[in-house]
Each structure stands twice: as C-alpha cells, then as structure tokens.
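K.L.:
Got a structure here, written out as structure tokens. Questions coming.
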Amino acid sequence: MHDLKLNLPKVFPYFSQLVACTLFISSSIIATLVTRPVWSAERFTLSYGVLQRSVSIDSLEKYAKTGKVDDELAAYVQYAPKEQLEQLRKVLLTAIPLNAVQVSQFLYTPIGERLLENLAQVIQGEGHSSDLRAIRAALILAAAQPGNFTLLNIFRKFPSREISINLVRSLEIAQSFRNLVNQTQQAIALINQEFQQQANASVQKLNNPAKINLLQPGSFQWQKQTITLSNQLSHRSFPADIYLPIISNPSPVIVISHGLGSDRTSFAYLAERLASYGFAVAVPEHPASNSQQLQALLSGKSDQVTSPWEFVNRPLDIKYLLDELARLSQVDPVFRGRLNLQKVGVVGQSFGGYTALALAGAAINFEQLQKSCPHTKDTLNISLLLQCLALELPRSRQYNLSDSRVKAAIAINPIDSVIFGQKSLAQIKIPVMIVSGSADPIALTLPEQIQPFTWLKSFDKYLVLINNGTHFSTIGESPNSGVPVPDWAVGPNPPLARRYVDVLSVAFFQTYVNNQLSYAPYLSANYINSVSQQPLPLSMVRSLELNSSSISP
C-alpha cells in the first residue's frame with residue numbers, strides 16, 4: 001500500500017463533481033441527468049411532492065453506449081437540448097481515475113463525510129431514507145473495479161433496488177447555484193470590461209531603459225540548497241529548498257507556500273524564475289498538509305486529510321524559516337551576506353494563499369467561522385469544508401500569524417472568505433495581489449477571490465483574473481503527484497498560466513519588495529494587455545465595486 005498516491009486538490013474535482021452534479025436538478029428532467037452522478041442499481045425515481053417519474057438504469061445505459069433512446073427514456077429526452085444529451089453519454093461512461101482504497105480513505109475523513117452529507121440531501125434509498133453508508137458503499141464498490149469507476153457503475157453498485165431524487169430540495173439548491181453563477185458571470189464581465197477600458201485608454205509607455213523582457217528568465221545564475229528545519233516549539237521538522245542567486249549584494253527573500261496535498265516542487269518553476277531576477281527564494285514543505293500527509297491517510301496511519309492546526313502551523317513554519325535564514329546568514333558560509341531579510345515577500349496557492357494572507361496580517365476570524373460554517377451543507381464551495389475545520393481550534397489562545405518582515409504578498413486561488421472574512425482581510429496593510437481563475441471548481445472565484453479583493457483596504461492591491469483558468473492552472477508538474485487532474489479541471493494551456501505567474505511575480509516583488517520602481521509599469525493595464533493571450537486572456541484591476549454587497553458561500 002506504500003506506493004499508493006493521492007493528491008487531495010486533485011481528488012476534490014471528482015468528488016465536488018459528484019456533489020455538484022446531484023444538486024442541479026430542475027423541471028427539465030433529462031437536462032439534470034446530464035450532470036447527476038449517483039442514482040440506483042436498477043431504477044431511480046424523481047420525486048416532486050406526490051408526483052414521481054421513474055426510469056431504469058438499463059434504459060440509460062443503452063442510450064449511453066449506443067445513442068438509442070427507448071420508449072422509457074423518450075419521455076425525458078424530449079425536454080433536453082441535443083448538446084446536453086451528448087454530454088450525458090460522455091459523463092455516464094467516463095472513468096474516474098481513483099481506486100477503492102483512495103475513495104474509501106477519503107470518504108472516511110471529516111471532509112469526505114461532509115461531502116456525503118451534501119449528496120444525502122437529495123439522494124434517498126428505498127423508503128425515502130437518506131443513508132450515508134449506502135452512498136459511500138456505492139462509490140467504494142464502483143471504484144473497486146479497475147477502469148470501471150464510472151457514474152453508470154456507481155448506479156449499479158448502490159445497495160438498493162431504487163433511489164429517489166428529491167426534486168424539491170434539488171430545486172432549492174439549484175436556484176442558489178444559479179444565483180451564484182449569475183453573480184459570478186456579472187462580476188467577471190465587470191472586471192474584464194473595466195480592464196479593457198483602462199488598457200484602451202492607457203498611453204503609458206514602459207519607463208525602463210533596459211527594456212527587460214519579463215517573458216524571459218533574468219540574467220542571474222543561482223544555486224539550490226536544501227536545508228532541514230526542526231522547530232522545537234511546534235514539534236515540526238520539515239525541509240526547505242533555498243534558491244540563492246549568485247550576486248554580490250544581499251538578495252531580497254521570497255517565500256513560496258504550496259497548497260494542500262502538494263509539495264515544494266509544485267512551484268519550482270517560479271522559484272527558478274525569481275532567483276534569475278536576483279531574489280533568494282525559500283520553498284518550505286508543510287509537513288501535515290503535503291503529499292506525505294495524504295500517503296499517511298491512504299496507508300491508514302492517519303484518519304484526517306489535514307489537521308485544523310495547519311491553519312496555525314503553516315504561517316508559523318514560514319516565520320520559523322525566516323528566523324532560521326537570519327541565523328544562517330550570520331553563521332553559515334553558504335548564506336553569509338547573501339540574504340536581506342528586511343525585504344521579504346510571500347506567495348502561496350490555495351491553502352498556501354491562505355498562508356500568504358495570514359502572514360500579511362489577516363487573523364483567523366472565529367466569529368465569521370461560527371456564523372458561516374453551520375450552513376455549509378448548502379454550498380458548492382468545496383473550500384469551505386477545509387476552512388471550517390478551523391472551528392476546532394481553541395479560541396482561548398492568541399494566534400500571532402503575521403510577520404512584519406513580509407512587505408508584499410501574492411495569493412493565488414486563495415481560500416479566505418470564511419477563515420478571514422471582511423473584517424480580517426481589511427486589516428492587511430501591505431501590497432497584495434490576488435490571482436484568480438474564472439473557472440475555479442475548488443475555491444469558487446466570486447466568494448473566495450473577487451469579493452475578498454473588495455474587502456482589502458491596502459492602497460496597493462491588485463486583482464488578476466485568468467479567464468478560463470482553474471484551481472490547477474498555475475501548479476507545476478510534481479513527481480509526487482499520484483492522481484491525474486482531469487482535463488476539465490486543469491483547463492487550457494497551463495504553461496501559459498504559469499508564464500503569467502512568472503511575469504506578475506517578478507514585476508510585483510521587484511516593485512514592492514525590492515523597491516525597484518522601474519518595474520511598476522509592468523503592473524499597468526497596458527502591459528498586462530500586451531502579454532495576454534488566448535485561450536487564457538488576462539485582466540487586472542486595482543479597485544472594484546460589486547453590485548451586491550455580499551455573496552452567500
């Protein structure tokens with residue numbers, strides 16, 4: 001079992017699909033079947049009060065495999081657009097690349113059980129009883145057959161002859177989802193419109209005599225050192241890769257924080273790029289929320305995806321790392337005179353985005369957590385399942401997670417709406433850049449990035465929108481990745497998204513950490529528009545006013 005690998009952010013798309021697809025049912029019955037992942041072994045029944053309609057799995061399977069509609073299915077097909085019917089066939093037969101051990105271990109975690117609770121809102125077995133064990137069993141049994149973990153096989157493995165889909169509850173949730181989709185589309189359209197207006201009106205020219213091409217690496221050579229840190233106070237030992245540019249003067253320091261279930265190689269491409277521009281880059285591996293933690297989950301050595309204490313320990317890892325680098329710069333010949341720890345920037349993705357914002361000055365907001373987390377059964381925002389774990393932390397303690405050495409922060413696909421909320425994000429005083437993908441299935445674009453950007457009070461703030469980008473667009477390939485991310489979750493052209501991260505990070509940190517104001521024009525709408533390309537057109541705004549004052553998680 002030691003060779004099994006599970007990357008949690010890569011597993012989330014499949015399970016979020018299972019949850020989300022079950023919640024989109026509407027009066028157009030067959031249209032909802034397009035995205036509905038779990039029903040019954042023989043038949044499923046769609047219930048709306050006393051009204052019921054039933055269809056067999058055999059009928060659905062025949063259509064999926066042959067495209068032929070029998071008399072039983074014809075009553076549903078008449079309501080569906082042709083393109084949705086074609087999508088239905090694909091969705092029903094597409095294999096999900098997870099095995100029974102991975103599925104089982106995940107579903108027995110608190111986050112996995114919460115996802116099952118979401119499914120149980122609309123899926124009921126015989127006698128209209130909700131049973132998490134039945135849904136869990138169907139998923140595990142289907143995954144036990146190699147290459148046959150498909151939606152059709154999940155139907156077959158459900159331990160009941162019939163499943164009832166509660167249309168009343170589904171319609172309530174579907175309406176909330178439609179509202180969120182509409183609000184998100186309006187916000188994205190507003191960002192793109194304002195950006196294009198700024199870009200078209202801008203006559204600013206790049207005031208840089210060197211005319212640096214940020215699409216290319218910088219001129220500095222660098223060397224890589226790996227150190228191991230042991231923090232006696234937190235009882236944590238973890239490695240960190242240090243990229244040291246070969247330069248005569250002390251280098252500003254940038255710290256990169258990886259996401260949940262990832263590791264320090266995920267943004268090695270960014271570390272190398274920043275080092276080539278004269279930054280010393282430190283990339284720690286957070287021990288209880290990295291790929292090894294998920295290996296422990298799979299092997300039965302751990303019963304949780306991550307600990308609530310990671311919301312505290314991750315920022316403390318970086319504070320301790322900075323302390324250790326300060327020490328090494330005094331006593332170690334390799335580091336002596338090479339680090340300027342009064343000029344520090346931090347960049348993080350997903351859980352690392354949270355980490356970056358915590359170091360920048362946002363405190364855990366227990367009041368917001370208490371208010372929002374009891375309602376997470378109604379949400380499609382999968383990131384809330386992680387954020388709400390923080391409620392288990394003792395509230396009697398003071399958590400000092402910020403660091404005054406950090407002068408600027410970039411948060412890519414951050415999770416922050418509930419763990420911080422408006423009150424805490426407004427406390428950040430340093431320059432911040434939030435990078436969002438318009439098609440993020442994990443940390444939803446509007447509640448986790450766009451609206452939190454409006455809560456920032458810092459004068460130097462940027463919201464970058466990668467149109468068509470997802471939660472995974474900017475993550476580099478890692479040798480420890482065990483589960484492939486489905487194409488629909490990765491999105492188009494990841495190398496282009498990573499190129500954007502390179503350009504934005506160099507320009508932002510040169511301007512706000514290294515105080516090289518000649519790089520400020522590279523953060524203008526004019527320049528961003530010049531590097532923007534299809535299929536991931538780029539937009540950036542420095543202020544935004546949304547029509548609605550708040551977005552429900």
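Naming works like this for the structure tokens: A, B, ... for the chains as they're shown, residue 1 at the start of each chain, ligands 1 onward in shown order.
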Given only C-alpha atoms, how would the per-residue table for range 417-479 of chain A near range 346-354 of chain A read, listing every residue at most 12 Å away with its closest atom pair and distance in Å to one decimal, sorted by chain and number, as a tab-separated table?

P.N.:
residue	atom	partner	partner_atom	distance
A:Ser417	CA	A:Tyr354	CA	9.9
A:Val418	CA	A:Tyr354	CA	10.9
A:Ile419	CA	A:Tyr354	CA	8.5
A:Phe420	CA	A:Tyr354	CA	8.8
A:Gly421	CA	A:Tyr354	CA	11.6
A:Ser424	CA	A:Tyr354	CA	11.9
A:Leu425	CA	A:Tyr354	CA	10.7
A:Ile430	CA	A:Val346	CA	11.4
A:Pro431	CA	A:Val346	CA	11.0
A:Val432	CA	A:Val347	CA	9.8
A:Met433	CA	A:Val347	CA	9.2
A:Ile434	CA	A:Gly353	CA	8.6
A:Val435	CA	A:Gln349	CA	9.0
A:Ser436	CA	A:Gln349	CA	10.1
A:Gly437	CA	A:Ser350	CA	11.5
A:Asp440	CA	A:Ser350	CA	10.7
A:Pro441	CA	A:Ser350	CA	11.9
A:Ile442	CA	A:Ser350	CA	9.0
A:Ala443	CA	A:Ser350	CA	7.6
A:Leu444	CA	A:Ser350	CA	11.0
A:Thr445	CA	A:Ser350	CA	11.8
A:Glu448	CA	A:Ser350	CA	10.0
A:Gln449	CA	A:Gly353	CA	10.3
A:Pro452	CA	A:Tyr354	CA	11.8
A:Thr470	CA	A:Ser350	CA	11.3
A:His471	CA	A:Ser350	CA	7.8
A:Phe472	CA	A:Gln349	CA	9.4
A:Ser473	CA	A:Gln349	CA	10.8
A:Thr474	CA	A:Gln349	CA	8.6
A:Ile475	CA	A:Gln349	CA	8.3
A:Gly476	CA	A:Gln349	CA	11.4

K.L.:
When you look at Ile212 in chain A with a cut-off of 12 Å (counting only C-alpha atoms), what residues show up, excluding the ones that are within fewer than 4 positions of it in the same chain? I need them as a PyMOL selection string.

P.N.:
chain A and resi 206-208+216-219+277+503+506-507+518-519+521-522

K.L.:
Those same residues, written as a PDB file, in the first residue's frame with C-alpha atoms?

P.N.:
ATOM      1  CA  LEU A 206       7.224  51.292 -20.200  1.00  0.00           C
ATOM      2  CA  ASN A 207       9.684  53.619 -18.495  1.00  0.00           C
ATOM      3  CA  ASN A 208      12.503  51.089 -18.259  1.00  0.00           C
ATOM      4  CA  GLN A 216      12.277  35.506 -20.368  1.00  0.00           C
ATOM      5  CA  PRO A 217      14.426  34.469 -17.381  1.00  0.00           C
ATOM      6  CA  GLY A 218      16.583  37.094 -15.710  1.00  0.00           C
ATOM      7  CA  SER A 219      20.356  37.399 -16.043  1.00  0.00           C
ATOM      8  CA  TYR A 277      15.999  38.081 -11.257  1.00  0.00           C
ATOM      9  CA  VAL A 503       5.710  37.776 -15.120  1.00  0.00           C
ATOM     10  CA  VAL A 506       8.734  39.372 -10.851  1.00  0.00           C
ATOM     11  CA  ALA A 507       7.067  42.724 -11.539  1.00  0.00           C
ATOM     12  CA  SER A 518      11.193  50.919 -12.773  1.00  0.00           C
ATOM     13  CA  TYR A 519       9.193  47.677 -12.693  1.00  0.00           C
ATOM     14  CA  PRO A 521       4.882  49.975 -15.372  1.00  0.00           C
ATOM     15  CA  TYR A 522       4.874  46.204 -15.814  1.00  0.00           C
TER      16      TYR A 522
END

K.L.:
Could you jot down the CA of Tyr63 in chain A to CA of Ile135 in chain A separation for me, Å, one decimal place?

P.N.:
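Separating CA of Tyr63 in chain A from CA of Ile135 in chain A is a distance of 24.1 Å.
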
K.L.:
Calculated over only C-alpha atoms, which of the candidates A:Arg89, A:Asn381, A:Ser160, A:Gln223 has the smallest distance to Val334 in chain A?

P.N.:
A:Gln223

K.L.:
Nearest to Ile528 in chain A: which of A:Ile466, A:Leu316, A:Ala143, A:Ile410 is it, counting only C-alpha atoms?

P.N.:
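Closest to Ile528 in chain A of all the choices is A:Ile466.
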
K.L.:
Which parts of range 205-357 of chain A does DSSP call helix (DSSP H, G or I) when run on the backbone here, written out as a count of residues only?

P.N.:
46

K.L.:
Which is closer to Leu152 in chain A than all the others in A:Asp58, A:Asp70, A:Glu83, A:Glu113, using only C-alpha atoms?

P.N.:
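The answer is A:Asp58, which sits nearest to Leu152 in chain A.
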
K.L.:
In Å to one decimal, how far is CA of Val312 in chain A from CA of Leu393 in chain A?

P.N.:
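Taking CA of Leu393 in chain A and CA of Val312 in chain A, their separation equals 9.0 Å.
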
K.L.:
My list of candidates is A:Leu321, A:Ala426, A:Val501, A:Ala199. Which is closest to Ala362 in chain A when distances are computed with only C-alpha atoms?

P.N.:
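The closest residue to Ala362 in chain A is A:Ala426.
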
K.L.:
Do a neighbour search on Pro492 in chain A at 10 Å with only C-alpha atoms, toss out local chain neighbours closer than 5 positions, and write the hits as a PyMOL selection string.

P.N.:
chain A and resi 468-470+473+487+497+534-536

K.L.:
Generate a file of the selected residues that holds N, CA and C atoms, formatted as a tab-separated table (two decimals), in the first residue's frame.

P.N.:
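Okay, again-v2.tsv is ready:
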chain	number	residue	atom	x	y	z
A	468	ASN	N	-10.83	31.63	-17.95
A	468	ASN	CA	-10.80	30.20	-18.27
A	468	ASN	C	-9.79	29.43	-17.43
A	469	GLY	N	-9.10	30.11	-16.52
A	469	GLY	CA	-8.18	29.43	-15.63
A	469	GLY	C	-8.92	28.71	-14.52
A	470	THR	N	-8.30	27.66	-13.96
A	470	THR	CA	-8.91	26.87	-12.91
A	470	THR	C	-8.03	26.89	-11.66
A	473	SER	N	-4.43	25.59	-12.79
A	473	SER	CA	-3.75	26.12	-13.98
A	473	SER	C	-2.31	26.51	-13.71
A	487	ASP	N	-8.85	16.74	-17.41
A	487	ASP	CA	-8.62	17.88	-18.30
A	487	ASP	C	-9.55	19.04	-18.01
A	497	ALA	N	-0.53	29.87	-18.22
A	497	ALA	CA	-0.89	30.37	-16.88
A	497	ALA	C	0.34	30.50	-16.01
A	534	GLN	N	-4.91	34.23	-25.81
A	534	GLN	CA	-5.89	33.16	-25.79
A	534	GLN	C	-5.15	31.83	-25.62
A	535	PRO	N	-5.75	30.83	-24.99
A	535	PRO	CA	-7.13	30.77	-24.51
A	535	PRO	C	-7.32	31.21	-23.06
A	536	LEU	N	-6.32	31.93	-22.52
A	536	LEU	CA	-6.39	32.40	-21.15
A	536	LEU	C	-6.20	33.91	-21.11

K.L.:
To one decimal in Å, tell me the separation between CA of Lys90 in chain A and CA of Gly261 in chain A.

P.N.:
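Separating CA of Lys90 in chain A from CA of Gly261 in chain A is a distance of 28.9 Å.
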
K.L.:
Write out as a list in words each polymer residue whose atoms come within 10 Å of Gly337 in chain A, counting only C-alpha atoms; drop sequence neighbours fewer than 4 positions from it.

P.N.:
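Surrounding residues, per the criterion: Ser248, Asn249, Pro250, Ser251, Leu328, Ser329, Gln330, Val331, Asp332 and Pro333 of chain A.
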
K.L.:
At a cut-off of 9 Å, using only C-alpha atoms, what residues contact Trp222 in chain A? Leave out same-chain residues fewer than 5 positions from it and give the result as a list in words.

P.N.:
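Close residues of Trp222 in chain A: Tyr243, Leu244, Pro245, Ile246, Ile247, Glu272, Ala275, Ser276, Gly278 and Ala280 of chain A.
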
K.L.:
Please run DSSP on the backbone and report, as a PyMOL selection string, all residues within range 327-382 of chain A that come out as strand (DSSP E).

P.N.:
chain A and resi 339-349

K.L.:
Which is closest to Ala363 in chain A among A:Thr226, A:Thr184, A:Asn413, A:Ser402, if we use only C-alpha atoms?

P.N.:
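The closest residue to Ala363 in chain A is A:Ser402.
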
K.L.:
Name all residues at most 9 Å from Ser524 in chain A (count only C-alpha atoms; drop same-chain ones fewer than 3 positions away) and give them as an MDAnalysis selection string.

P.N.:
chainID A and resid 198:199 202 204 520:521 527:529 540

K.L.:
Can you write out the residues you just picked, keeping C-alpha atoms, as a short mmCIF file (atom, residue, chain, number, x, y, z; two decimals), in the first residue's frame?

P.N.:
data_model
loop_
_atom_site.label_atom_id
_atom_site.label_comp_id
_atom_site.auth_asym_id
_atom_site.auth_seq_id
_atom_site.Cartn_x
_atom_site.Cartn_y
_atom_site.Cartn_z
CA GLN A 198 -8.10 51.02 -18.80
CA ALA A 199 -5.94 49.25 -21.37
CA SER A 202 -3.74 53.97 -21.38
CA GLN A 204 1.60 54.93 -20.56
CA ALA A 520 5.92 49.40 -11.73
CA PRO A 521 4.88 49.97 -15.37
CA TYR A 527 1.50 45.91 -20.20
CA ILE A 528 -0.83 43.18 -18.89
CA ASN A 529 -2.88 43.55 -22.06
CA MET A 540 -6.27 43.08 -13.92
#
